[in-house]
$ cat my_file05.pdb   # PDB, C-alpha atoms
ATOM      1  CA  MET A  22       0.000   0.000   0.000
ATOM      2  CA  VAL A  23       1.377   3.450  -0.995
ATOM      3  CA  ASP A  24       1.304   6.215   1.587
ATOM      4  CA  GLU A  25      -0.556   9.039  -0.205
ATOM      5  CA  ALA A  26       0.996  11.737   1.973
ATOM      6  CA  HIS A  27       4.530  10.725   0.958
ATOM      7  CA  ARG A  28       3.952   9.806  -2.662
ATOM      8  CA  PRO A  29       6.221  11.814  -4.979
ATOM      9  CA  LEU A  30       4.361  14.447  -6.972
ATOM     10  CA  ARG A  31       4.030  14.139 -10.729
ATOM     11  CA  ALA A  32       6.158  16.607 -12.691
ATOM     12  CA  ASP A  33       3.158  18.795 -13.578
ATOM     13  CA  ALA A  34       1.992  18.775  -9.962
ATOM     14  CA  GLN A  35       5.479  19.814  -8.822
ATOM     15  CA  ARG A  36       5.482  22.658 -11.361
ATOM     16  CA  ASN A  37       2.046  23.820 -10.183
ATOM     17  CA  ARG A  38       3.139  23.689  -6.555
ATOM     18  CA  GLY A  39       6.250  25.713  -7.384
ATOM     19  CA  LYS A  40       4.201  28.285  -9.323
ATOM     20  CA  ILE A  41       1.800  28.613  -6.398
ATOM     21  CA  LEU A  42       4.614  29.115  -3.885
ATOM     22  CA  THR A  43       6.309  31.718  -6.092
ATOM     23  CA  ALA A  44       3.075  33.592  -6.739
ATOM     24  CA  ALA A  45       2.047  33.452  -3.077
ATOM     25  CA  ALA A  46       5.409  34.854  -1.966
ATOM     26  CA  ARG A  47       5.024  37.726  -4.428
ATOM     27  CA  VAL A  48       1.401  38.438  -3.463
ATOM     28  CA  PHE A  49       2.008  38.153   0.304
ATOM     29  CA  THR A  50       4.944  40.553  -0.072
ATOM     30  CA  THR A  51       2.802  43.229  -1.699
ATOM     31  CA  GLU A  52      -0.595  42.606  -0.073
ATOM     32  CA  GLY A  53       0.223  40.901   3.215
ATOM     33  CA  LEU A  54      -2.541  38.829   4.734
ATOM     34  CA  ASN A  55      -5.149  40.776   2.790
ATOM     35  CA  ALA A  56      -4.149  38.659  -0.202
ATOM     36  CA  GLN A  57      -7.026  36.607  -1.524
ATOM     37  CA  MET A  58      -6.431  32.935  -2.265
ATOM     38  CA  ASP A  59      -8.150  33.346  -5.654
ATOM     39  CA  ARG A  60      -5.714  36.153  -6.491
ATOM     40  CA  ILE A  61      -2.789  33.870  -5.683
ATOM     41  CA  ALA A  62      -4.221  31.097  -7.868
ATOM     42  CA  LYS A  63      -4.708  33.541 -10.746
ATOM     43  CA  GLU A  64      -1.187  34.939 -10.311
ATOM     44  CA  ALA A  65       0.178  31.366 -10.379
ATOM     45  CA  GLY A  66      -1.829  30.517 -13.490
ATOM     46  CA  VAL A  67      -3.661  27.645 -11.799
ATOM     47  CA  GLY A  68      -7.252  27.069 -10.789
ATOM     48  CA  SER A  69      -8.493  27.544  -7.261
ATOM     49  CA  ALA A  70      -9.042  23.797  -6.950
ATOM     50  CA  THR A  71      -5.351  23.183  -7.690
ATOM     51  CA  LEU A  72      -4.340  25.715  -5.074
ATOM     52  CA  TYR A  73      -6.624  24.216  -2.415
ATOM     53  CA  ARG A  74      -5.593  20.661  -3.319
ATOM     54  CA  ASN A  75      -1.998  21.620  -2.536
ATOM     55  CA  PHE A  76      -2.741  23.981   0.346
ATOM     56  CA  PRO A  77      -6.139  23.386   1.964
ATOM     57  CA  THR A  78      -5.821  26.440   4.250
ATOM     58  CA  ARG A  79      -4.220  29.867   4.125
ATOM     59  CA  GLU A  80      -2.055  28.810   7.080
ATOM     60  CA  ALA A  81      -0.757  25.779   5.181
ATOM     61  CA  LEU A  82       0.134  28.031   2.248
ATOM     62  CA  VAL A  83       1.829  30.637   4.438
ATOM     63  CA  GLU A  84       3.900  27.985   6.208
ATOM     64  CA  ALA A  85       4.888  26.343   2.903
ATOM     65  CA  VAL A  86       5.879  29.699   1.389
ATOM     66  CA  TYR A  87       7.960  30.508   4.448
ATOM     67  CA  ARG A  88       9.744  27.152   4.437
ATOM     68  CA  ASN A  89      10.315  27.392   0.674
ATOM     69  CA  GLU A  90      11.784  30.886   0.994
ATOM     70  CA  VAL A  91      14.176  29.756   3.737
ATOM     71  CA  ALA A  92      15.287  26.736   1.701
ATOM     72  CA  GLN A  93      15.872  28.824  -1.432
ATOM     73  CA  LEU A  94      17.817  31.420   0.532
ATOM     74  CA  CYS A  95      20.047  28.856   2.197
ATOM     75  CA  ASP A  96      20.549  26.779  -0.958
ATOM     76  CA  SER A  97      21.695  29.897  -2.804
ATOM     77  CA  ALA A  98      24.910  30.156  -0.762
ATOM     78  CA  SER A  99      26.576  27.279  -2.616
ATOM     79  CA  SER A 100      25.481  28.427  -6.058
ATOM     80  CA  LEU A 101      26.630  31.996  -5.383
ATOM     81  CA  LEU A 102      30.053  30.725  -4.279
ATOM     82  CA  ALA A 103      30.284  28.717  -7.512
ATOM     83  CA  GLN A 104      29.520  31.804  -9.613
ATOM     84  CA  LYS A 105      31.240  34.676  -7.790
ATOM     85  CA  SER A 106      34.217  35.534  -5.656
ATOM     86  CA  PRO A 107      33.538  34.763  -1.988
ATOM     87  CA  ASP A 108      33.083  38.408  -0.967
ATOM     88  CA  GLU A 109      30.753  39.080  -3.907
ATOM     89  CA  ALA A 110      28.830  35.901  -3.045
ATOM     90  CA  LEU A 111      28.426  37.040   0.570
ATOM     91  CA  ARG A 112      27.198  40.488  -0.495
ATOM     92  CA  SER A 113      24.784  38.964  -3.023
ATOM     93  CA  TRP A 114      23.496  36.578  -0.379
ATOM     94  CA  THR A 115      22.825  39.450   2.039
ATOM     95  CA  ARG A 116      20.645  41.049  -0.669
ATOM     96  CA  LEU A 117      18.761  37.774  -1.016
ATOM     97  CA  PHE A 118      18.379  37.787   2.769
ATOM     98  CA  LEU A 119      16.685  41.199   2.483
ATOM     99  CA  ASP A 120      14.321  39.799  -0.154
ATOM    100  CA  TYR A 121      13.535  36.890   2.154
ATOM    101  CA  VAL A 122      12.840  39.228   5.071
ATOM    102  CA  THR A 123      10.594  41.420   2.921
ATOM    103  CA  THR A 124       8.558  38.359   1.944
ATOM    104  CA  LYS A 125       8.420  37.158   5.536
ATOM    105  CA  TYR A 126       7.343  40.626   6.702
ATOM    106  CA  GLY A 127       4.191  40.356   4.575
ATOM    107  CA  MET A 128       3.337  37.060   6.287
ATOM    108  CA  ILE A 129       4.452  37.832   9.839
ATOM    109  CA  ASP A 130       0.975  37.982  11.387
ATOM    110  CA  ALA A 131       0.037  34.653   9.822
ATOM    111  CA  LEU A 132       3.314  33.077  10.954
ATOM    112  CA  ARG A 133       2.679  34.295  14.507
ATOM    113  CA  ALA A 134      -0.856  32.888  14.402
ATOM    114  CA  ILE A 135       0.471  29.536  13.197
ATOM    115  CA  ALA A 136       3.073  29.525  15.981
ATOM    116  CA  ALA A 137       0.355  30.344  18.532
ATOM    117  CA  THR A 138      -1.456  27.112  17.611
ATOM    118  CA  GLY A 139       1.566  25.118  18.716
ATOM    119  CA  SER A 140       2.973  24.496  15.249
ATOM    120  CA  ASN A 141       6.495  25.721  14.610
ATOM    121  CA  PRO A 142       6.725  27.194  11.111
ATOM    122  CA  TYR A 143      10.242  28.368  11.862
ATOM    123  CA  GLY A 144      11.483  24.833  12.513
ATOM    124  CA  HIS A 145      15.152  24.759  11.723
ATOM    125  CA  SER A 146      15.286  28.028   9.784
ATOM    126  CA  ARG A 147      17.674  29.755  12.188
ATOM    127  CA  GLU A 148      20.124  26.856  11.992
ATOM    128  CA  MET A 149      19.805  26.697   8.204
ATOM    129  CA  ILE A 150      20.499  30.411   7.869
ATOM    130  CA  GLN A 151      23.423  30.172  10.290
ATOM    131  CA  THR A 152      24.918  27.338   8.233
ATOM    132  CA  ALA A 153      24.639  29.404   5.043
ATOM    133  CA  VAL A 154      26.286  32.433   6.690
ATOM    134  CA  THR A 155      29.067  30.228   8.065
ATOM    135  CA  THR A 156      29.689  28.659   4.647
ATOM    136  CA  LEU A 157      29.959  32.079   3.008
ATOM    137  CA  MET A 158      32.142  33.553   5.748
ATOM    138  CA  ASP A 159      34.472  30.538   5.778
ATOM    139  CA  ALA A 160      34.984  30.933   2.013
ATOM    140  CA  CYS A 161      35.642  34.667   2.427
ATOM    141  CA  ALA A 162      38.095  34.079   5.277
ATOM    142  CA  ALA A 163      39.947  31.399   3.292
ATOM    143  CA  ALA A 164      40.291  33.867   0.401
ATOM    144  CA  GLY A 165      41.549  36.594   2.748
ATOM    145  CA  LYS A 166      38.554  38.813   1.958
ATOM    146  CA  ILE A 167      37.218  39.255   5.498
ATOM    147  CA  ARG A 168      38.504  39.449   9.047
ATOM    148  CA  THR A 169      38.699  36.171  10.886
ATOM    149  CA  ASP A 170      37.879  37.572  14.341
ATOM    150  CA  ILE A 171      34.159  38.031  13.628
ATOM    151  CA  PRO A 172      32.060  34.905  14.245
ATOM    152  CA  PRO A 173      29.223  34.084  11.839
ATOM    153  CA  THR A 174      26.748  34.413  14.719
ATOM    154  CA  ASP A 175      27.625  38.132  14.920
ATOM    155  CA  ILE A 176      26.854  38.592  11.225
ATOM    156  CA  SER A 177      23.583  36.707  11.626
ATOM    157  CA  ALA A 178      22.678  38.962  14.563
ATOM    158  CA  ALA A 179      23.533  42.054  12.504
ATOM    159  CA  LEU A 180      21.385  40.793   9.624
ATOM    160  CA  GLU A 181      18.518  40.144  12.021
ATOM    161  CA  GLY A 182      18.945  43.674  13.402
ATOM    162  CA  ILE A 183      18.754  45.145   9.928
ATOM    163  CA  ALA A 184      15.697  43.028   9.292
ATOM    164  CA  LEU A 185      13.989  44.290  12.457
ATOM    165  CA  THR A 186      14.650  47.941  11.684
ATOM    166  CA  SER A 187      14.424  47.912   7.902
ATOM    167  CA  ALA A 188      11.939  45.224   6.941
ATOM    168  CA  GLY A 189       9.637  46.176   4.128
ATOM    169  CA  ALA A 190      10.273  47.429   0.637
ATOM    170  CA  GLU A 191       9.968  51.072   1.712
ATOM    171  CA  HIS A 192      13.156  50.730   3.782
ATOM    172  CA  ARG A 193      15.232  48.880   1.170
ATOM    173  CA  GLN A 194      17.699  51.727   0.532
ATOM    174  CA  GLN A 195      18.439  52.066   4.223
ATOM    175  CA  ALA A 196      18.878  48.308   4.535
ATOM    176  CA  GLU A 197      21.319  48.300   1.596
ATOM    177  CA  ARG A 198      23.365  51.051   3.259
ATOM    178  CA  LEU A 199      23.441  49.077   6.512
ATOM    179  CA  LEU A 200      24.586  45.976   4.627
ATOM    180  CA  ASP A 201      27.372  48.044   3.051
ATOM    181  CA  LEU A 202      28.467  49.072   6.557
ATOM    182  CA  ILE A 203      28.611  45.425   7.599
ATOM    183  CA  MET A 204      30.614  44.460   4.519
ATOM    184  CA  ASP A 205      33.037  47.353   5.083
ATOM    185  CA  GLY A 206      33.426  46.319   8.718
ATOM    186  CA  LEU A 207      34.298  42.771   7.670
ATOM    187  CA  LYS A 208      37.233  43.839   5.481
ATOM    188  CA  PRO A 209      40.624  42.775   6.819
ATOM    189  CA  ARG A 210      42.445  45.412   8.826
ATOM    190  CA  ALA A 211      45.676  46.754   7.395
TER     191      ALA A 211
END
$ encode --input "my_file05.pdb" --output "structure tokens"
Amino acid sequence: MVDEAHRPLRADAQRNRGKILTAAARVFTTEGLNAQMDRIAKEAGVGSATLYRNFPTREALVEAVYRNEVAQLCDSASSLLAQKSPDEALRSWTRLFLDYVTTKYGMIDALRAIAATGSNPYGHSREMIQTAVTTLMDACAAAGKIRTDIPPTDISAALEGIALTSAGAEHRQQAERLLDLIMDGLKPRA
């Protein structure tokens, strides 16, 4: 007997799920929790039935979008290091972190409501993000591009601070300036 909950999705079902997650992230970022499920389905180019088959509740969709965003952010560290110099990869990743925070900001009330029910949408996100930061910083340190006396946990804390004070698209320029300050502060001392 095949366990329906763990059966691999067909290729078209995987594509639809991916389109829904991408569209939902975009819509939640701009409209927050006021976003209508039908709007998300339309934006994804799927029918409402397809959306609800994948995500029977708004909470299930919010949690899936959040987890997907964290996974994409963390997975990007390796691909950025393969494409760019370590310091450029770290700076690019911090921009992606801002995008992630902006998306999360649009869903924050829903994430809090989900957490209040006893579910933990955040799961291992902090550890995943810390691992990505450590990977990027280790590559930068090995290339002599950053100081070695700053632990990755300090950079994560600084990124979280920027996120708390500059979340939302309207604060993006300030957040970019703050990221530049962090990157300048990481440069090796003469």
$ closest_residue --input "my_file05.pdb" --among "A:Met58, A:Lys166, A:Arg74, A:Asp130" --to "Ser106 (chain A)" --atoms "all atoms listed in the file"
A:Lys166
$ closest_residue --input "my_file05.pdb" --among "A:Leu199, A:Met204, A:Ala92, A:Leu72" --to "Leu111 (chain A)" --atoms "all atoms listed in the file"
A:Met204
$ resolve_selection --input "my_file05.pdb" --expression "the PyMOL selection byres ((chain A and resi 132) around 10)" --output "ChimeraX atom specification"
/A:80,83-84,87,125-131,133-137,140-143
$ resolve_selection --input "my_file05.pdb" --expression "the PyMOL selection byres ((chain A and resi 43) around 10)" --output "list in words"
Asn37, Arg38, Gly39, Lys40, Ile41, Leu42, Ala44, Ala45, Ala46, Arg47, Val48, Ile61, Glu64, Ala65, Val86, Asn89 and Glu90 of chain A
$ resolve_selection --input "my_file05.pdb" --expression "the PyMOL selection byres ((chain A and resi 190) around 10)" --output "list in words"
Thr50, Thr51, Leu119, Asp120, Val122, Thr123, Thr124, Tyr126, Ser187, Ala188, Gly189, Glu191, His192, Arg193, Gln194 and Ala196 of chain A
$ closest_residue --input "my_file05.pdb" --among "A:Arg147, A:Lys63, A:Arg79, A:Arg31" --to "Leu94 (chain A)" --atoms "all atoms listed in the file"
A:Arg147
$ atom_distance --input "my_file05.pdb" --atom1 "CA of Leu117 (chain A)" --atom2 "CA of Phe49 (chain A)"
16.8 Å
$ atom_distance --input "my_file05.pdb" --atom1 "CA of Ala178 (chain A)" --atom2 "CA of Ser99 (chain A)"
21.1 Å
$ residues_around --input "my_file05.pdb" --residues "Leu207 (chain A)" --least-positions-apart "4" --cutoff "8 Å" --atoms "all atoms listed in the file" --output "list in words"
Ile167, Arg168, Ile171 and Ile203 of chain A
$ closest_residue --input "my_file05.pdb" --among "A:Thr138, A:Thr115, A:Ser146, A:Thr152" --to "Ala184 (chain A)" --atoms "all atoms listed in the file"
A:Thr115
$ axis_aligned_box --input "my_file05.pdb" --around "region 167-174 of chain A" --padding-each-side "4 Å" --output "lines of an AutoDock Vina configuration file"
center_x = 32.7
center_y = 36.8
center_z = 10.1
size_x = 20.0
size_y = 13.4
size_z = 17.2
$ closest_residue --input "my_file05.pdb" --among "A:Arg116, A:Lys208, A:Arg88, A:His145" --to "Cys161 (chain A)" --atoms "only C-alpha atoms"
A:Lys208
